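Undergrad: Below is target.csv; it holds CSV, C-alpha atoms and all ligand atoms.
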chain,number,residue,atom,x,y,z
I,1,MET,CA,145.6,103.4,-15.2
I,2,ASP,CA,142.3,103.6,-13.3
I,3,ILE,CA,141.0,100.1,-14.1
I,4,LYS,CA,140.1,97.8,-11.2
I,5,LEU,CA,142.2,94.7,-10.9
I,6,ASN,CA,141.0,91.3,-9.5
I,7,SER,CA,141.6,92.0,-5.8
I,8,ASN,CA,141.3,88.3,-5.0
I,9,PHE,CA,144.9,88.1,-6.1
I,10,ASN,CA,145.9,90.0,-2.9
I,11,SER,CA,144.8,87.0,-0.9
I,12,ILE,CA,147.3,84.6,-2.6
I,13,LYS,CA,150.4,84.1,-0.6
I,14,GLU,CA,153.5,84.8,-2.7
I,15,THR,CA,155.3,81.6,-2.6
I,16,TYR,CA,158.9,81.9,-2.5
I,17,LEU,CA,159.5,78.2,-1.9
I,18,PHE,CA,161.2,77.3,-5.1
I,19,SER,CA,163.1,80.6,-5.5
I,20,ASP,CA,164.2,80.3,-1.8
I,21,ILE,CA,165.4,76.8,-2.5
I,22,ALA,CA,167.2,77.9,-5.6
I,23,ARG,CA,168.9,80.8,-3.8
I,24,LYS,CA,170.1,78.7,-0.9
I,25,VAL,CA,171.5,76.1,-3.3
I,26,ARG,CA,173.2,78.8,-5.4
I,27,ASP,CA,174.8,80.4,-2.2
I,28,TYR,CA,175.9,77.0,-1.0
I,29,LYS,CA,177.4,76.1,-4.4
I,30,GLU,CA,179.3,79.5,-4.5
I,31,GLN,CA,180.8,78.7,-1.1
I,32,ASN,CA,181.5,75.1,-1.9
I,33,PRO,CA,182.2,74.9,-5.6
I,34,GLU,CA,183.5,71.3,-5.3
I,35,ALA,CA,180.2,70.0,-3.8
I,36,GLU,CA,178.3,67.5,-6.0
I,37,LEU,CA,174.7,68.1,-5.2
I,38,ILE,CA,171.9,65.6,-5.7
I,39,ARG,CA,168.6,67.1,-6.6
I,40,MET,CA,165.7,65.2,-5.0
I,41,GLY,CA,163.3,68.2,-4.9
I,42,ILE,CA,162.0,68.2,-8.5
I,43,GLY,CA,158.5,67.1,-9.4
I,44,ASP,CA,159.4,66.8,-13.0
I,45,VAL,CA,160.2,63.6,-14.9
I,46,THR,CA,163.7,63.1,-16.2
I,47,LEU,CA,163.5,60.0,-18.5
I,48,PRO,CA,162.7,60.7,-22.2
I,49,LEU,CA,159.4,60.0,-23.9
I,50,PRO,CA,158.6,56.3,-24.5
I,51,ALA,CA,159.7,55.3,-28.1
I,52,PRO,CA,156.1,54.6,-29.3
I,53,CYS,CA,155.1,58.1,-28.4
I,54,VAL,CA,158.1,59.6,-30.2
I,55,ASP,CA,157.3,57.5,-33.3
I,56,ALA,CA,153.7,58.7,-33.3
I,57,LEU,CA,154.8,62.3,-32.7
I,58,VAL,CA,157.1,62.2,-35.7
I,59,LYS,CA,154.6,60.5,-38.0
I,60,ALA,CA,151.9,62.9,-37.1
I,61,GLY,CA,154.3,65.8,-37.5
I,62,LYS,CA,155.0,64.6,-41.1
I,63,GLU,CA,151.3,64.3,-41.8
I,64,MET,CA,151.0,68.0,-40.9
I,65,GLY,CA,153.4,68.8,-43.8
I,66,VAL,CA,151.4,67.0,-46.5
I,67,LYS,CA,148.3,68.7,-48.0
I,68,GLU,CA,146.1,65.6,-47.9
I,69,THR,CA,146.8,64.9,-44.2
I,70,PHE,CA,147.3,68.4,-42.9
I,71,ARG,CA,144.9,69.4,-40.0
I,72,GLY,CA,143.9,72.8,-38.8
I,73,TYR,CA,142.2,73.6,-35.5
I,74,PRO,CA,141.7,70.4,-33.5
I,75,PRO,CA,138.3,69.7,-31.9
I,76,GLU,CA,138.0,71.5,-28.5
I,77,TYR,CA,137.3,68.4,-26.6
I,78,GLY,CA,140.0,66.2,-28.2
I,79,TYR,CA,140.1,64.0,-31.3
I,80,ASP,CA,137.8,61.0,-31.2
I,81,PHE,CA,140.7,58.6,-31.4
I,82,LEU,CA,142.2,60.0,-28.1
I,83,ARG,CA,138.9,60.3,-26.3
I,84,GLY,CA,138.2,56.7,-27.3
I,85,ALA,CA,141.6,55.5,-26.1
I,86,ILE,CA,141.2,57.3,-22.7
I,87,ALA,CA,137.7,55.9,-22.2
I,88,PHE,CA,139.0,52.4,-23.1
I,89,HIS,CA,141.8,52.9,-20.5
I,90,TYR,CA,139.1,53.6,-17.9
I,91,ARG,CA,137.1,50.6,-18.9
I,92,LYS,CA,140.2,48.4,-18.4
I,93,LEU,CA,140.4,49.8,-14.9
I,94,GLY,CA,136.9,48.7,-14.3
I,95,ALA,CA,135.3,52.1,-14.7
I,96,ASP,CA,132.4,52.6,-17.1
I,97,ILE,CA,133.4,55.8,-18.9
I,98,ALA,CA,131.9,56.8,-22.3
I,99,ASP,CA,134.1,58.5,-25.0
I,100,SER,CA,131.9,61.6,-24.8
I,101,GLU,CA,132.6,62.0,-21.1
I,102,VAL,CA,136.3,62.6,-21.8
I,103,PHE,CA,137.6,66.1,-22.4
I,104,VAL,CA,141.2,66.3,-23.6
I,105,SER,CA,143.3,69.3,-22.5
I,106,ASP,CA,146.8,70.6,-22.5
I,107,GLY,CA,147.3,69.2,-18.9
I,108,ALA,CA,145.8,68.7,-15.5
I,109,LYS,CA,147.0,72.0,-14.1
I,110,SER,CA,145.0,74.0,-16.7
I,111,ASP,CA,141.8,72.0,-16.0
I,112,LEU,CA,142.2,72.3,-12.2
I,113,GLY,CA,142.7,76.0,-12.6
I,114,ASN,CA,139.8,76.4,-15.0
I,115,LEU,CA,137.2,74.3,-13.3
I,116,PRO,CA,136.2,77.1,-10.9
I,117,ASP,CA,134.9,79.0,-14.0
I,118,ILE,CA,131.9,76.7,-14.2
I,119,LEU,CA,131.3,76.6,-10.4
I,120,GLY,CA,129.5,79.2,-8.3
I,121,ASP,CA,130.5,80.5,-4.9
I,122,ASN,CA,130.5,77.2,-3.0
I,123,PRO,CA,132.5,76.4,0.1
I,124,ILE,CA,135.7,74.6,-0.8
I,125,ILE,CA,137.2,71.7,1.1
I,126,ILE,CA,140.9,71.1,0.5
I,127,PRO,CA,143.3,68.6,2.2
I,128,ASP,CA,146.4,70.1,3.8
I,129,PRO,CA,149.2,69.5,2.8
I,130,VAL,CA,148.4,69.6,-0.9
I,131,TYR,CA,149.4,70.5,-4.4
I,132,PRO,CA,149.1,74.4,-4.2
I,133,VAL,CA,147.1,74.9,-7.4
I,134,TYR,CA,143.8,73.9,-5.8
I,135,VAL,CA,144.2,76.6,-3.1
I,136,ASP,CA,145.4,79.4,-5.4
I,137,SER,CA,142.9,78.9,-8.2
I,138,ASN,CA,140.1,79.1,-5.6
I,139,LEU,CA,141.6,82.1,-3.9
I,140,MET,CA,141.8,83.9,-7.3
I,141,ALA,CA,138.0,83.2,-7.7
I,142,GLY,CA,137.4,84.6,-4.2
I,143,ARG,CA,136.1,81.3,-2.8
I,144,ARG,CA,136.0,80.3,0.9
I,145,ILE,CA,138.3,77.5,1.7
I,146,SER,CA,138.3,75.1,4.7
I,147,TYR,CA,141.1,72.6,5.2
I,148,VAL,CA,141.0,68.9,6.2
I,149,LYS,CA,144.2,68.1,7.9
I,150,GLY,CA,146.6,65.3,7.1
I,151,ASP,CA,148.8,64.1,9.9
I,152,LYS,CA,150.7,61.2,11.3
I,153,ASP,CA,147.6,59.7,12.9
I,154,ASN,CA,145.6,59.6,9.6
I,155,GLY,CA,148.6,58.7,7.5
I,156,PHE,CA,148.1,62.0,5.6
I,157,LEU,CA,144.7,60.7,4.3
I,158,PRO,CA,142.2,63.2,5.8
I,159,GLU,CA,138.7,61.9,6.5
I,160,PRO,CA,135.5,63.8,5.4
I,161,PRO,CA,134.2,66.4,8.0
I,162,ARG,CA,131.9,64.7,10.5
I,163,ASP,CA,129.0,67.1,9.9
I,164,GLU,CA,126.9,65.5,7.2
I,165,THR,CA,124.4,68.3,7.3
I,166,ALA,CA,127.3,70.5,6.0
I,167,GLU,CA,126.6,72.9,3.0
I,168,ALA,CA,127.2,71.5,-0.5
I,169,SER,CA,130.8,72.0,-1.1
I,170,VAL,CA,133.5,71.5,-3.7
I,171,ILE,CA,136.0,68.9,-2.4
I,172,TYR,CA,139.5,68.3,-3.8
I,173,ILE,CA,141.1,64.9,-3.5
I,174,CYS,CA,144.5,64.0,-4.8
I,175,SER,CA,145.4,60.2,-4.7
I,176,PRO,CA,148.2,59.2,-5.0
I,177,ASN,CA,148.9,62.5,-3.3
I,178,ASN,CA,151.4,65.2,-4.1
I,179,PRO,CA,153.3,65.9,-1.8
I,180,THR,CA,152.6,63.0,0.7
I,181,GLY,CA,152.6,60.0,-1.7
I,182,ALA,CA,149.7,58.7,0.4
I,183,VAL,CA,146.9,56.7,-1.5
I,184,TYR,CA,143.3,56.3,-0.4
I,185,THR,CA,141.9,52.8,-0.1
I,186,ARG,CA,138.5,51.9,-1.6
I,187,GLU,CA,137.0,52.3,1.9
I,188,GLY,CA,138.6,55.7,2.4
I,189,LEU,CA,137.3,57.0,-1.0
I,190,THR,CA,133.9,55.5,-0.4
I,191,ARG,CA,133.6,57.6,2.8
I,192,TRP,CA,134.3,60.7,0.7
I,193,VAL,CA,131.9,59.7,-2.0
I,194,ASP,CA,129.2,59.0,0.6
I,195,PHE,CA,129.8,62.4,2.2
I,196,ALA,CA,129.6,64.1,-1.2
I,197,LEU,CA,126.3,62.3,-2.0
I,198,LYS,CA,124.8,63.1,1.4
I,199,THR,CA,125.7,66.8,1.3
I,200,GLY,CA,125.1,67.3,-2.4
I,201,SER,CA,128.8,68.1,-2.9
I,202,LEU,CA,131.1,67.8,-5.9
I,203,ILE,CA,134.5,66.0,-5.7
I,204,ILE,CA,137.3,67.1,-8.0
I,205,PHE,CA,139.5,64.0,-8.0
I,206,ASP,CA,143.1,64.4,-9.2
I,207,SER,CA,144.6,61.1,-10.4
I,208,ALA,CA,147.8,62.5,-12.0
I,209,TYR,CA,149.9,59.8,-10.3
I,210,GLU,CA,147.6,56.9,-10.9
I,211,ALA,CA,150.2,54.9,-13.0
I,212,PHE,CA,152.4,54.6,-9.9
I,213,ILE,CA,149.9,52.4,-8.1
I,214,SER,CA,150.9,48.8,-8.0
I,215,ASP,CA,149.1,47.6,-4.8
I,216,ASP,CA,145.4,46.8,-4.8
I,217,LEU,CA,144.3,50.5,-4.5
I,218,PRO,CA,141.8,52.5,-6.5
I,219,HIS,CA,143.3,54.0,-9.7
I,220,THR,CA,140.3,56.2,-10.4
I,221,ILE,CA,137.4,57.6,-8.3
I,222,TYR,CA,135.0,55.8,-10.7
I,223,GLU,CA,135.9,52.5,-9.1
I,224,ILE,CA,133.7,53.7,-6.2
I,225,GLU,CA,130.0,53.2,-6.4
I,226,GLY,CA,128.0,56.4,-6.7
I,227,SER,CA,131.0,58.5,-7.8
I,228,LYS,CA,129.5,59.2,-11.2
I,229,GLU,CA,126.8,61.2,-9.4
I,230,CYS,CA,129.2,63.4,-7.5
I,231,ALA,CA,132.8,63.5,-9.1
I,232,VAL,CA,134.8,64.8,-12.0
I,233,GLU,CA,138.3,63.4,-12.4
I,234,VAL,CA,141.3,65.3,-13.7
I,235,SER,CA,144.3,63.5,-15.0
I,236,SER,CA,147.3,63.8,-17.1
I,237,PHE,CA,149.9,62.2,-19.4
I,238,SER,CA,152.6,64.1,-17.6
I,239,LYS,CA,153.7,61.6,-15.0
I,240,PHE,CA,151.9,58.7,-16.8
I,241,ALA,CA,154.0,58.9,-20.0
I,242,GLY,CA,156.5,61.7,-19.3
I,243,PHE,CA,154.5,64.4,-21.1
I,244,THR,CA,155.4,67.3,-18.7
I,245,GLY,CA,157.0,69.1,-21.7
I,246,THR,CA,154.7,67.7,-24.3
I,247,ARG,CA,151.5,68.7,-22.6
I,248,CYS,CA,148.4,66.6,-22.6
I,249,GLY,CA,145.8,65.7,-20.0
I,250,TRP,CA,142.1,65.2,-19.6
I,251,THR,CA,139.0,65.7,-17.4
I,252,ILE,CA,136.2,63.2,-17.1
I,253,VAL,CA,132.8,64.9,-16.6
I,254,PRO,CA,130.2,62.1,-16.3
I,255,ASP,CA,127.0,62.7,-18.3
I,256,GLN,CA,124.7,62.2,-15.3
I,257,LEU,CA,126.5,64.8,-13.2
I,258,THR,CA,124.0,67.7,-12.7
I,259,ALA,CA,123.4,70.6,-10.4
I,260,GLY,CA,120.1,72.4,-10.3
I,261,GLY,CA,119.0,70.4,-13.3
I,262,VAL,CA,122.0,71.6,-15.4
I,263,LYS,CA,124.6,69.1,-16.7
I,264,LEU,CA,128.1,70.0,-15.7
I,265,SER,CA,129.3,68.5,-19.0
I,266,LYS,CA,127.3,71.1,-20.8
I,267,LEU,CA,129.0,74.0,-18.9
I,268,TRP,CA,132.4,72.4,-19.2
I,269,SER,CA,131.9,71.9,-23.0
I,270,ARG,CA,130.9,75.5,-23.2
I,271,ARG,CA,133.8,76.8,-21.2
I,272,GLN,CA,136.3,74.8,-23.2
I,273,ALA,CA,134.8,75.7,-26.6
I,274,THR,CA,134.9,79.4,-25.6
I,275,LYS,CA,138.3,79.7,-24.0
I,276,PHE,CA,140.4,76.8,-25.3
I,277,ASN,CA,141.3,75.8,-28.8
I,278,GLY,CA,142.4,72.2,-28.3
I,279,VAL,CA,145.7,70.2,-28.2
I,280,SER,CA,147.8,69.8,-31.3
I,281,TYR,CA,147.3,66.8,-33.5
I,282,PRO,CA,150.9,65.3,-33.1
I,283,VAL,CA,150.6,65.6,-29.3
I,284,GLN,CA,147.3,63.8,-29.3
I,285,ARG,CA,148.7,61.1,-31.5
I,286,ALA,CA,151.6,60.7,-29.1
I,287,ALA,CA,149.2,60.5,-26.2
I,288,GLU,CA,147.1,57.9,-28.0
I,289,ALA,CA,150.3,55.8,-28.6
I,290,SER,CA,151.1,55.8,-24.9
I,291,LEU,CA,147.8,53.9,-24.4
I,292,THR,CA,148.6,51.1,-26.8
I,293,ASP,CA,150.0,47.8,-25.5
I,294,GLU,CA,153.4,48.8,-26.8
I,295,GLY,CA,153.1,52.3,-25.3
I,296,LEU,CA,151.9,51.0,-21.9
I,297,LYS,CA,154.8,48.5,-21.8
I,298,ALA,CA,157.3,51.3,-22.5
I,299,LEU,CA,155.9,53.8,-20.0
I,300,LYS,CA,155.7,51.1,-17.3
I,301,ALA,CA,159.4,50.6,-17.7
I,302,ASN,CA,160.0,54.3,-16.9
I,303,ILE,CA,157.6,54.2,-14.0
I,304,ASP,CA,159.3,51.1,-12.6
I,305,TYR,CA,162.6,52.9,-12.8
I,306,TYR,CA,161.3,55.8,-10.7
I,307,LYS,CA,159.6,53.4,-8.3
I,308,ASN,CA,162.8,51.5,-7.8
I,309,ASN,CA,164.4,54.8,-6.7
I,310,ALA,CA,161.5,55.4,-4.3
I,311,ARG,CA,161.8,51.8,-2.9
I,312,LEU,CA,165.5,52.1,-2.2
I,313,MET,CA,165.0,55.5,-0.4
I,314,SER,CA,162.1,54.1,1.5
I,315,ASP,CA,164.1,51.0,2.7
I,316,LEU,CA,166.8,53.4,4.0
I,317,LEU,CA,164.4,55.6,5.8
I,318,ARG,CA,162.7,52.6,7.3
I,319,SER,CA,166.0,51.3,8.5
I,320,LYS,CA,166.6,54.6,10.3
I,321,GLY,CA,163.2,54.4,12.0
I,322,LEU,CA,161.9,57.6,10.4
I,323,PHE,CA,158.2,58.1,9.9
I,324,PHE,CA,157.2,58.6,6.3
I,325,THR,CA,154.3,58.2,3.8
I,326,GLY,CA,154.5,57.4,0.1
I,327,GLY,CA,157.4,55.7,-1.7
I,328,THR,CA,155.4,52.6,-2.7
I,329,ASN,CA,152.6,53.7,-5.0
I,330,SER,CA,154.0,57.1,-5.7
I,331,PRO,CA,157.1,58.9,-6.8
I,332,TYR,CA,157.0,61.0,-3.6
I,333,ILE,CA,158.4,60.3,-0.1
I,334,TRP,CA,157.1,62.5,2.7
I,335,LEU,CA,159.1,62.2,5.8
I,336,LYS,CA,158.9,63.6,9.3
I,337,CYS,CA,162.1,65.5,10.0
I,338,PRO,CA,164.1,63.9,12.7
I,339,ASP,CA,164.5,65.4,16.2
I,340,ASP,CA,161.4,67.7,15.7
I,341,MET,CA,163.3,69.8,13.2
I,342,GLY,CA,161.4,72.3,11.0
I,343,GLY,CA,161.4,71.6,7.3
I,344,TRP,CA,163.8,74.5,6.5
I,345,GLU,CA,166.2,73.4,9.3
I,346,PHE,CA,166.2,69.9,7.9
I,347,PHE,CA,166.6,71.3,4.4
I,348,ASP,CA,169.8,73.1,5.5
I,349,LEU,CA,171.1,70.0,7.2
I,350,MET,CA,170.5,67.9,4.1
I,351,LEU,CA,172.1,70.4,1.9
I,352,THR,CA,175.2,71.3,4.0
I,353,ARG,CA,175.9,67.8,5.4
I,354,PHE,CA,174.8,65.5,2.7
I,355,GLY,CA,174.6,67.7,-0.4
I,356,ILE,CA,171.0,66.6,-1.0
I,357,VAL,CA,168.3,69.0,-2.1
I,358,GLY,CA,164.7,68.2,-1.1
I,359,THR,CA,161.6,70.3,-0.5
I,360,PRO,CA,160.5,71.6,3.0
I,361,GLY,CA,157.0,70.5,3.8
I,362,GLU,CA,156.1,74.1,4.8
I,363,GLY,CA,155.7,74.8,1.0
I,364,PHE,CA,152.6,72.6,0.8
I,365,GLY,CA,150.4,74.0,3.7
I,366,GLU,CA,150.3,74.5,7.4
I,367,ALA,CA,150.2,70.7,8.0
I,368,GLY,CA,153.4,70.3,6.1
I,369,LYS,CA,155.4,71.9,9.0
I,370,GLY,CA,158.3,69.7,10.1
I,371,TYR,CA,158.0,67.4,7.1
I,372,PHE,CA,160.2,67.1,4.0
I,373,ARG,CA,159.4,65.9,0.4
I,374,LEU,CA,161.8,63.7,-1.6
I,375,THR,CA,161.1,62.7,-5.1
I,376,ALA,CA,162.1,59.6,-7.0
I,377,PHE,CA,162.4,61.3,-10.5
I,378,GLY,CA,166.2,61.5,-10.4
I,379,SER,CA,168.6,58.9,-11.8
I,380,ALA,CA,169.3,55.5,-10.3
I,381,GLU,CA,173.0,56.5,-9.9
I,382,ASP,CA,172.0,59.7,-7.9
I,383,THR,CA,169.6,57.7,-5.8
I,384,GLU,CA,172.3,55.2,-4.9
I,385,GLU,CA,174.8,58.0,-4.1
I,386,ALA,CA,172.1,59.7,-1.9
I,387,ILE,CA,171.6,56.5,0.0
I,388,ARG,CA,175.3,56.0,0.5
I,389,ARG,CA,175.6,59.6,1.9
I,390,LEU,CA,172.5,59.2,4.1
I,391,ARG,CA,173.7,56.1,5.9
I,392,ASP,CA,175.2,58.3,8.6
I,393,LEU,CA,171.9,60.3,9.1
I,401,LIG,N1,148.1,67.4,-10.3
I,401,LIG,C1,149.1,67.1,-9.4
I,401,LIG,C2,148.8,66.5,-8.1
I,401,LIG,C3,150.5,67.4,-9.8
I,401,LIG,O1,151.5,67.2,-8.9
I,401,LIG,C4,150.8,68.0,-11.0
I,401,LIG,C5,152.1,68.4,-11.4
I,401,LIG,O2,153.1,68.2,-10.7
I,401,LIG,C6,149.7,68.3,-11.9
I,401,LIG,C7,148.4,68.0,-11.5
I,401,LIG,C8,149.9,69.0,-13.2
I,401,LIG,O3,149.9,68.1,-14.2
I,401,LIG,P1,150.1,68.6,-15.7
I,401,LIG,O4,151.5,68.5,-16.0
I,401,LIG,O5,149.2,67.7,-16.5
I,401,LIG,O6,149.6,70.1,-15.8
Show me, as structure tokens, the structure contained in the file I just sent.

TA:
Amino acid sequence: MDIKLNSNFNSIKETYLFSDIARKVRDYKEQNPEAELIRMGIGDVTLPLPAPCVDALVKAGKEMGVKETFRGYPPEYGYDFLRGAIAFHYRKLGADIADSEVFVSDGAKSDLGNLPDILGDNPIIIPDPVYPVYVDSNLMAGRRISYVKGDKDNGFLPEPPRDETAEASVIYICSPNNPTGAVYTREGLTRWVDFALKTGSLIIFDSAYEAFISDDLPHTIYEIEGSKECAVEVSSFSKFAGFTGTRCGWTIVPDQLTAGGVKLSKLWSRRQATKFNGVSYPVQRAAEASLTDEGLKALKANIDYYKNNARLMSDLLRSKGLFFTGGTNSPYIWLKCPDDMGGWEFFDLMLTRFGIVGTPGEGFGEAGKGYFRLTAFGSAEDTEEAIRRLRDL
């Protein structure tokens, strides 16, 4: 063929992280067939959907089989019942969000990947380490990226650049963060919002892990004054209600958010109406059910289960004197590898000596070197067993 391809794809680093991990685990298992491995590297939920969501899914599925209640294409921005339930959830968090500012989607990853469609060639500011989708979706669009570094000194919560005369940029913030589990305080987020307002920048705030927050920390960027003038928020039912396989998320685009006199919501509506055909009716009904009192109670029980795993692991690491972030308001624990080991070296040690599989920090950016991510999405039994094995670390 003689067609031209998108050469921006050449600048995306092939990530072999998860395939390298899978290969190392496979090789180890072949050589040690009796080894009982504990997998603490996965970022996927393991508990089943909350019962109210399943009931809603089944009921809505049955409606689809009856002529009178059958539904065809869903509205591109989500059914009114779900947009209303999400907006109400925000109002309970103290954020004034209107139903029309909610855009339902099939998950946060799609929205994060698609948002560059409506944005021009702005400089991009991304924290390091971070969820790799922000970086790759901007590289695919040929954008210039600069990184703000997380480290031990800032507790993996990078501050805005000092230069407040900087060009208007698109800034990604993930709080609670994947992979570090660190969560911005209101003061920390206010500094970012002030920076965005001063420089005319846009914040893309990812609150996918909001439901894990139990301390007095912001659940949404819209708790911060001025944020409706400078931020969109992307979120998801995936970690909130176990929808990783069911697929539903949303983006909030505030009505007053404009650039050059054009409303961002107008462009996002147009983008979604052109390239996206909505989320299925049963899935939206299941998502709606997660936001009822009964649904929230059931999903909180699942989140508490994961959080208990994280707490037990954190207690152990603390007793070993290891530096780590996360583990309290997040399913992730991000620990400094002991004895200045690299992430891969520590991975090998954890696998061969303790039979525990985690993720080397190197997979999440330059600043992840020498760190290691553990997740709390496994079973309570596996967590207890991991703690028993790690007592000799
Ligand atoms: N944002 C962050 C920070 C994530 O870690 C993930 C998934 O792991 C997502 C978004 C993707 O969410 P979804 O399942 O809604 O696509």

Undergrad: Can you work out which one of I:Leu139, I:Asn8, I:Lys24, I:Ser201 has the shortest atom-to-atom distance to Leu351 (chain I), counting all atoms listed in the file?

TA: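 Looking only at the distances to Leu351 (chain I), the closest residue turns out to be I:Lys24.
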
Undergrad: Within 7 Å of Glu366 (chain I), counting only C-alpha atoms, which residues show up once you throw out same-chain ones fewer than 4 positions away? Write them as a PyMOL selection string, please.

TA: chain I and resi 128-129+362

Undergrad: Generate a file of the selected residues that holds C-alpha atoms, formatted as a CSV table (one decimal), keeping the file's coordinate frame.

TA:
chain,number,residue,atom,x,y,z
I,128,ASP,CA,146.4,70.1,3.8
I,129,PRO,CA,149.2,69.5,2.8
I,362,GLU,CA,156.1,74.1,4.8

Undergrad: I'd like the interatomic distance between CA of Ala286 (chain I) and CA of Ser100 (chain I), to a tenth of an Å.

TA: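 A separation of 20.2 Å between them.
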
Undergrad: With distances taken over all atoms listed in the file, which of I:Arg391, I:Pro48, I:Glu384, I:Val357 is nearest to Arg23 (chain I)?

TA: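 Ranked by minimum distance to Arg23 (chain I), first place goes to I:Val357.
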
Undergrad: Which one is closest to Gln272 (chain I): I:Gly41, I:Tyr77, I:Asp2, I:Leu57? Count only C-alpha atoms.

TA: I:Tyr77

Undergrad: With only C-alpha atoms and all ligand atoms counted, collect every polymer residue having an atom within 8 Å of ligand LIG 401 (chain I); state the result as a VMD selection string.

TA: chain I and resid 43 to 44 106 to 110 112 130 to 131 174 to 179 206 to 209 234 to 239 243 to 245 247 to 249

Undergrad: Can region 269-286 of chain I be brought up to N, CA and C atoms and written out as a PDB file, in the frame of the given file?

TA:
ATOM      1  N   SER I 269     131.779  71.873 -21.524  1.00  0.00           N
ATOM      2  CA  SER I 269     131.900  71.900 -23.000  1.00  0.00           C
ATOM      3  C   SER I 269     131.929  73.390 -23.440  1.00  0.00           C
ATOM      4  N   ARG I 270     131.005  74.152 -22.842  1.00  0.00           N
ATOM      5  CA  ARG I 270     130.900  75.500 -23.200  1.00  0.00           C
ATOM      6  C   ARG I 270     132.112  76.341 -22.858  1.00  0.00           C
ATOM      7  N   ARG I 271     132.582  76.065 -21.647  1.00  0.00           N
ATOM      8  CA  ARG I 271     133.800  76.800 -21.200  1.00  0.00           C
ATOM      9  C   ARG I 271     134.979  76.468 -22.066  1.00  0.00           C
ATOM     10  N   GLN I 272     135.163  75.192 -22.380  1.00  0.00           N
ATOM     11  CA  GLN I 272     136.300  74.800 -23.200  1.00  0.00           C
ATOM     12  C   GLN I 272     136.178  75.350 -24.613  1.00  0.00           C
ATOM     13  N   ALA I 273     134.975  75.267 -25.175  1.00  0.00           N
ATOM     14  CA  ALA I 273     134.800  75.700 -26.600  1.00  0.00           C
ATOM     15  C   ALA I 273     135.030  77.248 -26.642  1.00  0.00           C
ATOM     16  N   THR I 274     134.757  77.969 -25.546  1.00  0.00           N
ATOM     17  CA  THR I 274     134.900  79.400 -25.600  1.00  0.00           C
ATOM     18  C   THR I 274     136.369  79.846 -25.341  1.00  0.00           C
ATOM     19  N   LYS I 275     137.038  79.174 -24.387  1.00  0.00           N
ATOM     20  CA  LYS I 275     138.300  79.700 -24.000  1.00  0.00           C
ATOM     21  C   LYS I 275     139.532  78.824 -24.334  1.00  0.00           C
ATOM     22  N   PHE I 276     139.289  77.706 -25.003  1.00  0.00           N
ATOM     23  CA  PHE I 276     140.400  76.800 -25.300  1.00  0.00           C
ATOM     24  C   PHE I 276     140.273  76.279 -26.700  1.00  0.00           C
ATOM     25  N   ASN I 277     141.422  76.153 -27.389  1.00  0.00           N
ATOM     26  CA  ASN I 277     141.300  75.800 -28.800  1.00  0.00           C
ATOM     27  C   ASN I 277     141.943  74.387 -29.081  1.00  0.00           C
ATOM     28  N   GLY I 278     142.024  73.563 -28.061  1.00  0.00           N
ATOM     29  CA  GLY I 278     142.400  72.200 -28.300  1.00  0.00           C
ATOM     30  C   GLY I 278     143.928  71.945 -28.199  1.00  0.00           C
ATOM     31  N   VAL I 279     144.265  70.659 -28.272  1.00  0.00           N
ATOM     32  CA  VAL I 279     145.700  70.200 -28.200  1.00  0.00           C
ATOM     33  C   VAL I 279     146.118  69.797 -29.557  1.00  0.00           C
ATOM     34  N   SER I 280     147.378  70.057 -29.899  1.00  0.00           N
ATOM     35  CA  SER I 280     147.800  69.800 -31.300  1.00  0.00           C
ATOM     36  C   SER I 280     147.707  68.351 -31.663  1.00  0.00           C
ATOM     37  N   TYR I 281     147.500  68.141 -32.958  1.00  0.00           N
ATOM     38  CA  TYR I 281     147.300  66.800 -33.500  1.00  0.00           C
ATOM     39  C   TYR I 281     148.482  65.864 -33.171  1.00  0.00           C
ATOM     40  N   PRO I 282     149.758  66.266 -33.421  1.00  0.00           N
ATOM     41  CA  PRO I 282     150.900  65.300 -33.100  1.00  0.00           C
ATOM     42  C   PRO I 282     150.898  64.941 -31.639  1.00  0.00           C
ATOM     43  N   VAL I 283     150.602  65.881 -30.747  1.00  0.00           N
ATOM     44  CA  VAL I 283     150.600  65.600 -29.300  1.00  0.00           C
ATOM     45  C   VAL I 283     149.511  64.568 -28.969  1.00  0.00           C
ATOM     46  N   GLN I 284     148.355  64.754 -29.560  1.00  0.00           N
ATOM     47  CA  GLN I 284     147.300  63.800 -29.300  1.00  0.00           C
ATOM     48  C   GLN I 284     147.582  62.420 -29.836  1.00  0.00           C
ATOM     49  N   ARG I 285     148.259  62.382 -30.988  1.00  0.00           N
ATOM     50  CA  ARG I 285     148.700  61.100 -31.500  1.00  0.00           C
ATOM     51  C   ARG I 285     149.688  60.410 -30.598  1.00  0.00           C
ATOM     52  N   ALA I 286     150.615  61.225 -30.062  1.00  0.00           N
ATOM     53  CA  ALA I 286     151.600  60.700 -29.100  1.00  0.00           C
ATOM     54  C   ALA I 286     150.941  60.163 -27.871  1.00  0.00           C
TER      55      ALA I 286
END
